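Below is the file start.pdb, which contains PDB, C-alpha atoms and all ligand atoms.
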```pdb
ATOM      1  CA  MET A   1       0.000   0.000   0.000
ATOM      2  CA  THR A   2       2.829   2.412   0.813
ATOM      3  CA  GLN A   3       4.370   1.889  -2.629
ATOM      4  CA  LEU A   4       0.996   2.147  -4.313
ATOM      5  CA  ARG A   5       0.357   5.511  -2.677
ATOM      6  CA  ASN A   6       3.543   6.841  -4.337
ATOM      7  CA  PHE A   7       2.063   6.141  -7.772
ATOM      8  CA  ALA A   8      -1.664   6.792  -7.447
ATOM      9  CA  LEU A   9      -3.756   9.461  -5.775
ATOM     10  CA  GLY A  10      -6.847   7.277  -5.783
ATOM     11  CA  ALA A  11      -8.880   4.819  -7.776
ATOM     12  CA  GLU A  12     -12.431   4.392  -8.940
ATOM     13  CA  ILE A  13     -14.205   1.072  -9.067
ATOM     14  CA  ASP A  14     -16.368   0.282 -12.063
ATOM     15  CA  GLU A  15     -20.014   0.079 -11.001
ATOM     16  CA  GLU A  16     -20.620  -3.408 -12.401
ATOM     17  CA  LEU A  17     -17.415  -4.662 -10.789
ATOM     18  CA  TYR A  18     -18.495  -3.131  -7.496
ATOM     19  CA  LEU A  19     -21.815  -5.001  -7.677
ATOM     20  CA  HIS A  20     -19.953  -8.305  -8.147
ATOM     21  CA  MET A  21     -17.742  -7.458  -5.153
ATOM     22  CA  THR A  22     -20.723  -7.015  -2.859
ATOM     23  CA  ASN A  23     -21.805 -10.674  -2.934
ATOM     24  CA  PRO A  24     -19.847 -13.817  -1.943
ATOM     25  CA  ASP A  25     -20.324 -15.637  -5.283
ATOM     26  CA  GLY A  26     -19.147 -12.578  -7.194
ATOM     27  CA  ARG A  27     -16.048 -12.271  -4.994
ATOM     28  CA  LYS A  28     -15.260 -15.946  -5.504
ATOM     29  CA  ALA A  29     -15.560 -15.635  -9.285
ATOM     30  CA  LEU A  30     -13.428 -12.473  -9.333
ATOM     31  CA  GLY A  31     -10.766 -14.155  -7.192
ATOM     32  CA  ALA A  32     -10.673 -17.153  -9.542
ATOM     33  CA  ALA A  33     -10.443 -14.884 -12.611
ATOM     34  CA  LEU A  34      -7.583 -12.891 -11.061
ATOM     35  CA  LEU A  35      -5.709 -16.061 -10.156
ATOM     36  CA  GLN A  36      -6.044 -17.478 -13.677
ATOM     37  CA  SER A  37      -5.161 -14.307 -15.537
ATOM     38  CA  CYS A  38      -2.295 -12.990 -13.361
ATOM     39  CA  PHE A  39      -0.443 -16.027 -11.976
ATOM     40  CA  SER A  40       1.426 -19.052 -13.274
ATOM     41  CA  GLU A  41       0.028 -22.486 -12.451
ATOM     42  CA  ALA A  42       2.540 -22.927  -9.614
ATOM     43  CA  GLY A  43       1.652 -19.460  -8.289
ATOM     44  CA  GLN A  44      -2.055 -20.292  -8.402
ATOM     45  CA  LYS A  45      -1.479 -23.513  -6.439
ATOM     46  CA  ALA A  46       0.591 -21.727  -3.777
ATOM     47  CA  LEU A  47      -1.978 -18.946  -3.398
ATOM     48  CA  ARG A  48      -4.867 -21.424  -3.114
ATOM     49  CA  GLU A  49      -2.980 -23.292  -0.386
ATOM     50  CA  GLN A  50      -2.180 -20.047   1.445
ATOM     51  CA  SER A  51      -5.747 -18.865   1.312
ATOM     52  CA  GLY A  52      -6.901 -22.276   2.627
ATOM     53  CA  ILE A  53      -4.517 -21.909   5.571
ATOM     54  CA  HIS A  54      -5.750 -18.363   6.325
ATOM     55  CA  GLY A  55      -9.336 -19.626   6.386
ATOM     56  CA  GLU A  56      -8.433 -22.583   8.589
ATOM     57  CA  ALA A  57      -6.431 -20.341  10.945
ATOM     58  CA  PHE A  58      -9.406 -18.053  11.353
ATOM     59  CA  GLN A  59     -11.645 -21.030  12.198
ATOM     60  CA  TYR A  60      -9.014 -22.294  14.648
ATOM     61  CA  SER A  61      -8.876 -18.918  16.433
ATOM     62  CA  LEU A  62     -12.679 -19.064  16.866
ATOM     63  CA  VAL A  63     -12.393 -22.566  18.337
ATOM     64  CA  LEU A  64      -9.708 -21.379  20.788
ATOM     65  CA  GLU A  65     -11.832 -18.402  21.741
ATOM     66  CA  SER A  66     -14.847 -20.517  22.533
ATOM     67  CA  ALA A  67     -12.804 -23.225  24.334
ATOM     68  CA  ALA A  68     -11.158 -20.643  26.615
ATOM     69  CA  HIS A  69     -14.598 -19.562  27.771
ATOM     70  CA  THR A  70     -16.215 -22.981  28.068
ATOM     71  CA  GLN A  71     -13.363 -25.322  29.039
ATOM     72  CA  LYS A  72     -11.765 -25.349  32.490
ATOM     73  CA  ALA A  73      -8.208 -24.008  32.577
ATOM     74  CA  GLY A  74      -5.578 -26.679  33.091
ATOM     75  CA  GLU A  75      -6.732 -29.052  30.363
ATOM     76  CA  ALA A  76      -4.867 -28.882  27.074
ATOM     77  CA  ILE A  77      -6.789 -27.361  24.183
ATOM     78  CA  PHE A  78      -5.653 -28.960  20.947
ATOM     79  CA  PRO A  79      -8.278 -29.607  18.300
ATOM     80  CA  GLU A  80      -6.441 -32.175  16.166
ATOM     81  CA  LYS A  81      -7.839 -31.776  12.685
ATOM     82  CA  TYR A  82      -5.980 -28.528  11.906
ATOM     83  CA  LYS A  83      -2.759 -28.252   9.898
ATOM     84  CA  ALA A  84       0.288 -27.053  11.880
ATOM     85  CA  ALA A  85       0.552 -23.847   9.796
ATOM     86  CA  ALA A  86      -3.111 -22.979  10.445
ATOM     87  CA  ARG A  87      -2.754 -23.850  14.125
ATOM     88  CA  ASN A  88       0.293 -21.568  14.546
ATOM     89  CA  GLN A  89      -1.389 -18.734  12.713
ATOM     90  CA  GLY A  90      -4.685 -19.141  14.615
ATOM     91  CA  PHE A  91      -3.004 -19.201  18.038
ATOM     92  CA  ARG A  92      -0.938 -16.171  17.102
ATOM     93  CA  ARG A  93      -3.994 -14.324  15.839
ATOM     94  CA  SER A  94      -5.872 -14.906  19.142
ATOM     95  CA  ILE A  95      -3.005 -13.989  21.432
ATOM     96  CA  VAL A  96      -1.830 -10.920  19.532
ATOM     97  CA  SER A  97      -5.332  -9.465  19.316
ATOM     98  CA  HIS A  98      -6.174 -10.109  22.990
ATOM     99  CA  TYR A  99      -2.934  -8.375  24.021
ATOM    100  CA  ASP A 100      -3.590  -5.610  21.488
ATOM    101  CA  HIS A 101      -0.095  -6.043  19.957
ATOM    102  CA  ARG A 102       1.474  -5.023  23.285
ATOM    103  CA  CYS A 103       4.313  -6.934  24.969
ATOM    104  CA  ALA A 104       3.042  -8.375  28.276
ATOM    105  CA  PHE A 105       6.353  -7.550  30.016
ATOM    106  CA  CYS A 106       7.878  -4.320  28.651
ATOM    107  CA  ARG A 107       4.627  -3.012  27.100
ATOM    108  CA  THR A 108       6.268  -2.211  23.758
ATOM    109  CA  ARG A 109       3.668  -1.855  21.022
ATOM    110  CA  ILE A 110       4.811  -1.300  17.431
ATOM    111  CA  VAL A 111       2.642  -2.030  14.402
ATOM    112  CA  THR A 112       4.014  -1.019  10.995
ATOM    113  CA  SER A 113       1.928   0.449   8.171
ATOM    114  CA  GLU A 114       2.079  -3.022   6.557
ATOM    115  CA  GLY A 115       0.492  -4.479   9.703
ATOM    116  CA  HIS A 116       3.676  -6.155  10.990
ATOM    117  CA  THR A 117       3.811  -6.320  14.776
ATOM    118  CA  ALA A 118       6.704  -6.403  17.245
ATOM    119  CA  VAL A 119       5.155  -9.183  19.325
ATOM    120  CA  ASP A 120       5.171 -12.975  19.077
ATOM    121  CA  ALA A 121       2.577 -15.312  20.538
ATOM    122  CA  ALA A 122       4.579 -17.207  23.178
ATOM    123  CA  HIS A 123       3.458 -20.462  24.811
ATOM    124  CA  ILE A 124       3.961 -20.481  28.604
ATOM    125  CA  VAL A 125       4.299 -24.249  28.835
ATOM    126  CA  PRO A 126       6.075 -24.918  25.514
ATOM    127  CA  TRP A 127       4.013 -26.490  22.756
ATOM    128  CA  SER A 128       6.524 -29.369  22.527
ATOM    129  CA  ILE A 129       5.687 -30.350  26.126
ATOM    130  CA  SER A 130       2.055 -29.310  26.464
ATOM    131  CA  LYS A 131       0.435 -29.495  22.996
ATOM    132  CA  ASN A 132      -1.774 -26.809  24.506
ATOM    133  CA  ASP A 133      -3.030 -23.836  22.519
ATOM    134  CA  ASP A 134      -5.292 -22.571  25.311
ATOM    135  CA  ILE A 135      -5.219 -18.754  25.194
ATOM    136  CA  ARG A 136      -4.467 -18.978  28.955
ATOM    137  CA  ASN A 137      -1.255 -20.816  28.031
ATOM    138  CA  GLY A 138      -0.067 -17.877  25.940
ATOM    139  CA  MET A 139       1.201 -14.299  26.162
ATOM    140  CA  ALA A 140       2.171 -11.680  23.581
ATOM    141  CA  LEU A 141       5.879 -10.938  24.032
ATOM    142  CA  CYS A 142       8.291  -8.774  22.017
ATOM    143  CA  LYS A 143      11.316 -10.586  20.569
ATOM    144  CA  LEU A 144      13.581  -9.641  23.478
ATOM    145  CA  CYS A 145      11.100 -10.551  26.235
ATOM    146  CA  HIS A 146      10.189 -13.776  24.399
ATOM    147  CA  TRP A 147      13.842 -14.761  24.374
ATOM    148  CA  GLY A 148      14.227 -13.739  28.037
ATOM    149  CA  PHE A 149      11.167 -15.819  28.977
ATOM    150  CA  ASP A 150      12.345 -18.912  27.059
ATOM    151  CA  GLU A 151      15.820 -18.564  28.616
ATOM    152  CA  GLY A 152      14.270 -18.384  32.080
ATOM    153  CA  LEU A 153      15.599 -14.856  32.657
ATOM    154  CA  MET A 154      12.097 -13.396  32.887
ATOM    155  CA  GLY A 155       9.011 -14.902  34.479
ATOM    156  CA  VAL A 156       5.724 -13.989  36.131
ATOM    157  CA  SER A 157       4.725 -14.284  39.807
ATOM    158  CA  ASP A 158       1.361 -15.516  41.097
ATOM    159  CA  ASN A 159       0.148 -11.927  41.365
ATOM    160  CA  TYR A 160       1.170 -11.245  37.760
ATOM    161  CA  ALA A 161       4.287  -9.199  38.555
ATOM    162  CA  VAL A 162       7.226  -9.590  36.136
ATOM    163  CA  ILE A 163      10.210 -11.348  37.707
ATOM    164  CA  VAL A 164      13.704 -10.751  36.319
ATOM    165  CA  SER A 165      16.591 -13.108  37.115
ATOM    166  CA  LYS A 166      19.551 -11.519  38.908
ATOM    167  CA  GLN A 167      21.736 -12.900  36.106
ATOM    168  CA  VAL A 168      20.444 -10.087  33.890
ATOM    169  CA  ALA A 169      21.960  -7.442  36.176
ATOM    170  CA  GLN A 170      25.489  -8.872  36.005
ATOM    171  CA  LYS A 171      28.163  -6.288  35.323
ATOM    172  CA  HIS A 172      29.042  -7.417  31.796
ATOM    173  CA  ASN A 173      25.396  -6.989  30.684
ATOM    174  CA  SER A 174      23.624  -3.858  29.561
ATOM    175  CA  ALA A 175      19.944  -4.632  29.978
ATOM    176  CA  ASP A 176      18.011  -1.642  31.315
ATOM    177  CA  ALA A 177      15.011  -2.423  29.077
ATOM    178  CA  VAL A 178      14.665  -5.823  30.778
ATOM    179  CA  LEU A 179      15.525  -4.647  34.309
ATOM    180  CA  ASP A 180      12.894  -1.889  34.052
ATOM    181  CA  CYS A 181      10.174  -4.569  33.827
ATOM    182  CA  ALA A 182      11.066  -6.108  37.209
ATOM    183  CA  ASN A 183       8.251  -6.188  39.802
ATOM    184  CA  LYS A 184       5.833  -4.293  37.565
ATOM    185  CA  LYS A 185       2.439  -5.799  36.832
ATOM    186  CA  MET A 186       2.338  -7.503  33.447
ATOM    187  CA  HIS A 187      -0.011  -6.338  30.706
ATOM    188  CA  GLY A 188      -2.848  -8.774  29.980
ATOM    189  CA  PRO A 189      -6.078  -9.122  27.999
ATOM    190  CA  ASP A 190      -9.078  -6.884  28.783
ATOM    191  CA  ASP A 191     -11.039 -10.080  29.350
ATOM    192  CA  LYS A 192      -9.840 -11.197  32.818
ATOM    193  CA  GLU A 193     -10.810 -14.810  32.093
ATOM    194  CA  LEU A 194      -8.086 -14.965  29.441
ATOM    195  CA  TRP A 195      -5.122 -13.987  31.635
ATOM    196  CA  PRO A 196      -2.424 -16.669  31.933
ATOM    197  CA  TYR A 197      -3.372 -19.627  34.112
ATOM    198  CA  ARG A 198      -1.290 -19.315  37.297
ATOM    199  CA  PRO A 199      -0.164 -22.982  37.496
ATOM    200  CA  TYR A 200       1.330 -22.646  33.976
ATOM    201  CA  LEU A 201       3.339 -19.606  35.113
ATOM    202  CA  ALA A 202       4.399 -21.537  38.235
ATOM    203  CA  SER A 203       5.590 -24.466  36.124
ATOM    204  CA  HIS A 204       7.693 -22.050  34.031
ATOM    205  CA  ARG A 205       9.286 -20.642  37.230
ATOM    206  CA  ASP A 206       9.885 -24.174  38.422
ATOM    207  CA  ARG A 207      11.549 -25.228  35.140
ATOM    208  CA  HIS A 208      13.944 -22.285  35.476
ATOM    209  CA  ARG A 209      14.246 -22.190  39.270
ATOM    210  CA  GLU A 210      18.070 -22.112  39.153
ATOM    211  CA  LYS A 211      18.039 -18.845  37.168
ATOM    212  CA  PHE A 212      15.390 -17.205  39.341
ATOM    213  CA  ARG A 213      17.343 -18.151  42.444
ATOM    214  CA  ALA A 214      20.658 -16.982  40.968
TER     215      ALA A 214
HETATM  216 ZN    ZN A 301       8.949  -6.852  25.677
END
```

Show me, as structure tokens, the structure contained in the file I just sent.
Ligand SMILES: [Zn+2]
Amino acid sequence: MTQLRNFALGAEIDEELYLHMTNPDGRKALGAALLQSCFSEAGQKALREQSGIHGEAFQYSLVLESAAHTQKAGEAIFPEKYKAAARNQGFRRSIVSHYDHRCAFCRTRIVTSEGHTAVDAAHIVPWSISKNDDIRNGMALCKLCHWGFDEGLMGVSDNYAVIVSKQVAQKHNSADAVLDCANKKMHGPDDKELWPYRPYLASHRDRHREKFRA
């Protein structure tokens, strides 16, 4: 869009085209015509796959949303029929929107004009161990805080205060951005029911107890 704005002041949509765009069948037909006329066969295949994954990811995020409100916390939420790519994208979509693109620890929020965001969707109990995409097993974290959390240098207490390992403050480090988070309340979703489940946070502290003690 940024590049497009350099070349065009605006555009007008043909009235008949607009009518086709206002109904689902018309949009489908237009999409198919664009694919066939503008892309190679390999490109068409890749785009169809990608659009299938987007659709599946959206469905998956709705399933996660509903499960987090109807299923007790503490049981893994992992609807099996979804492809890994759709699952990753759906979990990310849920977490990032509930945290409004803001890092739960340092509160950084950057969204570019292309819609890129500074935060990742981090699992509290890693996916490899838990197979659990419950929204309450996730947090939005910027790249630095995500790394700090996975390394066990940052964690969260039972009253949702950010804990920073003393290792971070060692003389050879320069880590004010991380140290500034210490003992401050983390940022969480507006919906209180979707805040991280405390036993998951406790299991993260337990896995990294050496670093938090250090
Ligand atoms: Zn951060």

Item to check | Expected selection as a list in words for ligand ZN 301 (chain A) within 10 Å, all atoms listed in the file | outcome: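 Listing the residues within 10 Å of ligand ZN 301 (chain A) gives Arg102, Cys103, Ala104, Phe105, Cys106, Arg107, Thr108, Arg109, Ala118, Val119, Asp120, Ala140, Leu141, Cys142, Lys143, Leu144, Cys145, His146, Trp147, Gly148, Phe149, Ala177, Val178 and Cys181 of chain A.
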
Next on the checklist: For Lys211 in chain A, find every residue with an atom within 12 Å (counting only C-alpha atoms), except residues of its own chain fewer than 3 positions away, and show them as a PyMOL selection string.
Outcome noted: chain A and resi 148-155+163-168+204-208+214

Which residues are near Tyr197 in chain A? Cut-off 7 Å, all atoms listed in the file, ignore same chain within fewer than 4 positions. Put them as a PDB file with C-alpha atoms, in the frame of the given file.
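Once written, around.pdb looks like this:
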```pdb
ATOM      1  CA  ALA A  73      -8.208 -24.008  32.577  1.00  0.00           C
ATOM      2  CA  ARG A 136      -4.467 -18.978  28.955  1.00  0.00           C
ATOM      3  CA  ASN A 137      -1.255 -20.816  28.031  1.00  0.00           C
ATOM      4  CA  LEU A 201       3.339 -19.606  35.113  1.00  0.00           C
TER       5      LEU A 201
END
```

Checklist entry - So how many Å separate CA of Arg198 in chain A and CA of Asn159 in chain A, to one decimal? => result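 About the pair CA of Arg198 in chain A and CA of Asn159 in chain A: they are 8.6 Å apart.
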
Item to check | Pairwise distance for CA of Arg87 in chain A and CA of Tyr60 in chain A, rounded to one decimal in Å | outcome: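 Value for the CA of Arg87 in chain A-CA of Tyr60 in chain A distance: 6.5 Å.
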
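Of note, CA of Ser61 in chain A and CA of Lys83 in chain A are spaced 12.9 Å apart.
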
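Compared by their closest atoms to Asp190 in chain A, and using all atoms listed in the file, the residues A:Glu16, A:Asp133, A:Glu210, A:Asp100 rank with A:Asp100 nearest.
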
Next on the checklist: Show me, as a list in words, the residues that have an atom within 12 Å of Glu114 in chain A when counting only C-alpha atoms, minus same-chain residues fewer than 6 positions from it.
Outcome noted: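 In the requested form, the answer reads Met1, Thr2 and Gln3 of chain A.
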
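Distance check against Ala57 in chain A using only C-alpha atoms: of A:Ala76, A:Leu34, A:Ala85, A:Ala121, the minimum falls on A:Ala85.
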
Checklist entry - List as an NGL selection string: which residues have an atom within 12 Å of (-14.0, -21.2, 19.0), counting all atoms listed in the file? => result :A and (56-71 or 77-79 or 90-91 or 94 or 133-135)

If you take every atom of range 86-93 of chain A that the file lists and fit an axis-aligned box around them with 5 Å extra on each side, what centre and edge lengths come out in Å to one decimal, as lines of an AutoDock Vina configuration file?
```
center_x = -2.2
center_y = -19.1
center_z = 14.2
size_x = 15.0
size_y = 19.5
size_z = 17.6
```

Checklist entry - Do you know which residues the PyMOL selection byres (((chain A and resi 183) around 6) and not hetatm) returns on this file, as JSON, numbers by chain? => result {"A": [161, 162, 163, 182, 184]}

For those residues, write C-alpha atoms to a file as an mmCIF file, in the coordinates of the input.
```
data_model
loop_
_atom_site.group_PDB
_atom_site.id
_atom_site.type_symbol
_atom_site.label_atom_id
_atom_site.label_comp_id
_atom_site.auth_asym_id
_atom_site.auth_seq_id
_atom_site.Cartn_x
_atom_site.Cartn_y
_atom_site.Cartn_z
ATOM 1 C CA ALA A 161 4.287 -9.199 38.555
ATOM 2 C CA VAL A 162 7.226 -9.590 36.136
ATOM 3 C CA ILE A 163 10.210 -11.348 37.707
ATOM 4 C CA ALA A 182 11.066 -6.108 37.209
ATOM 5 C CA LYS A 184 5.833 -4.293 37.565
#
```
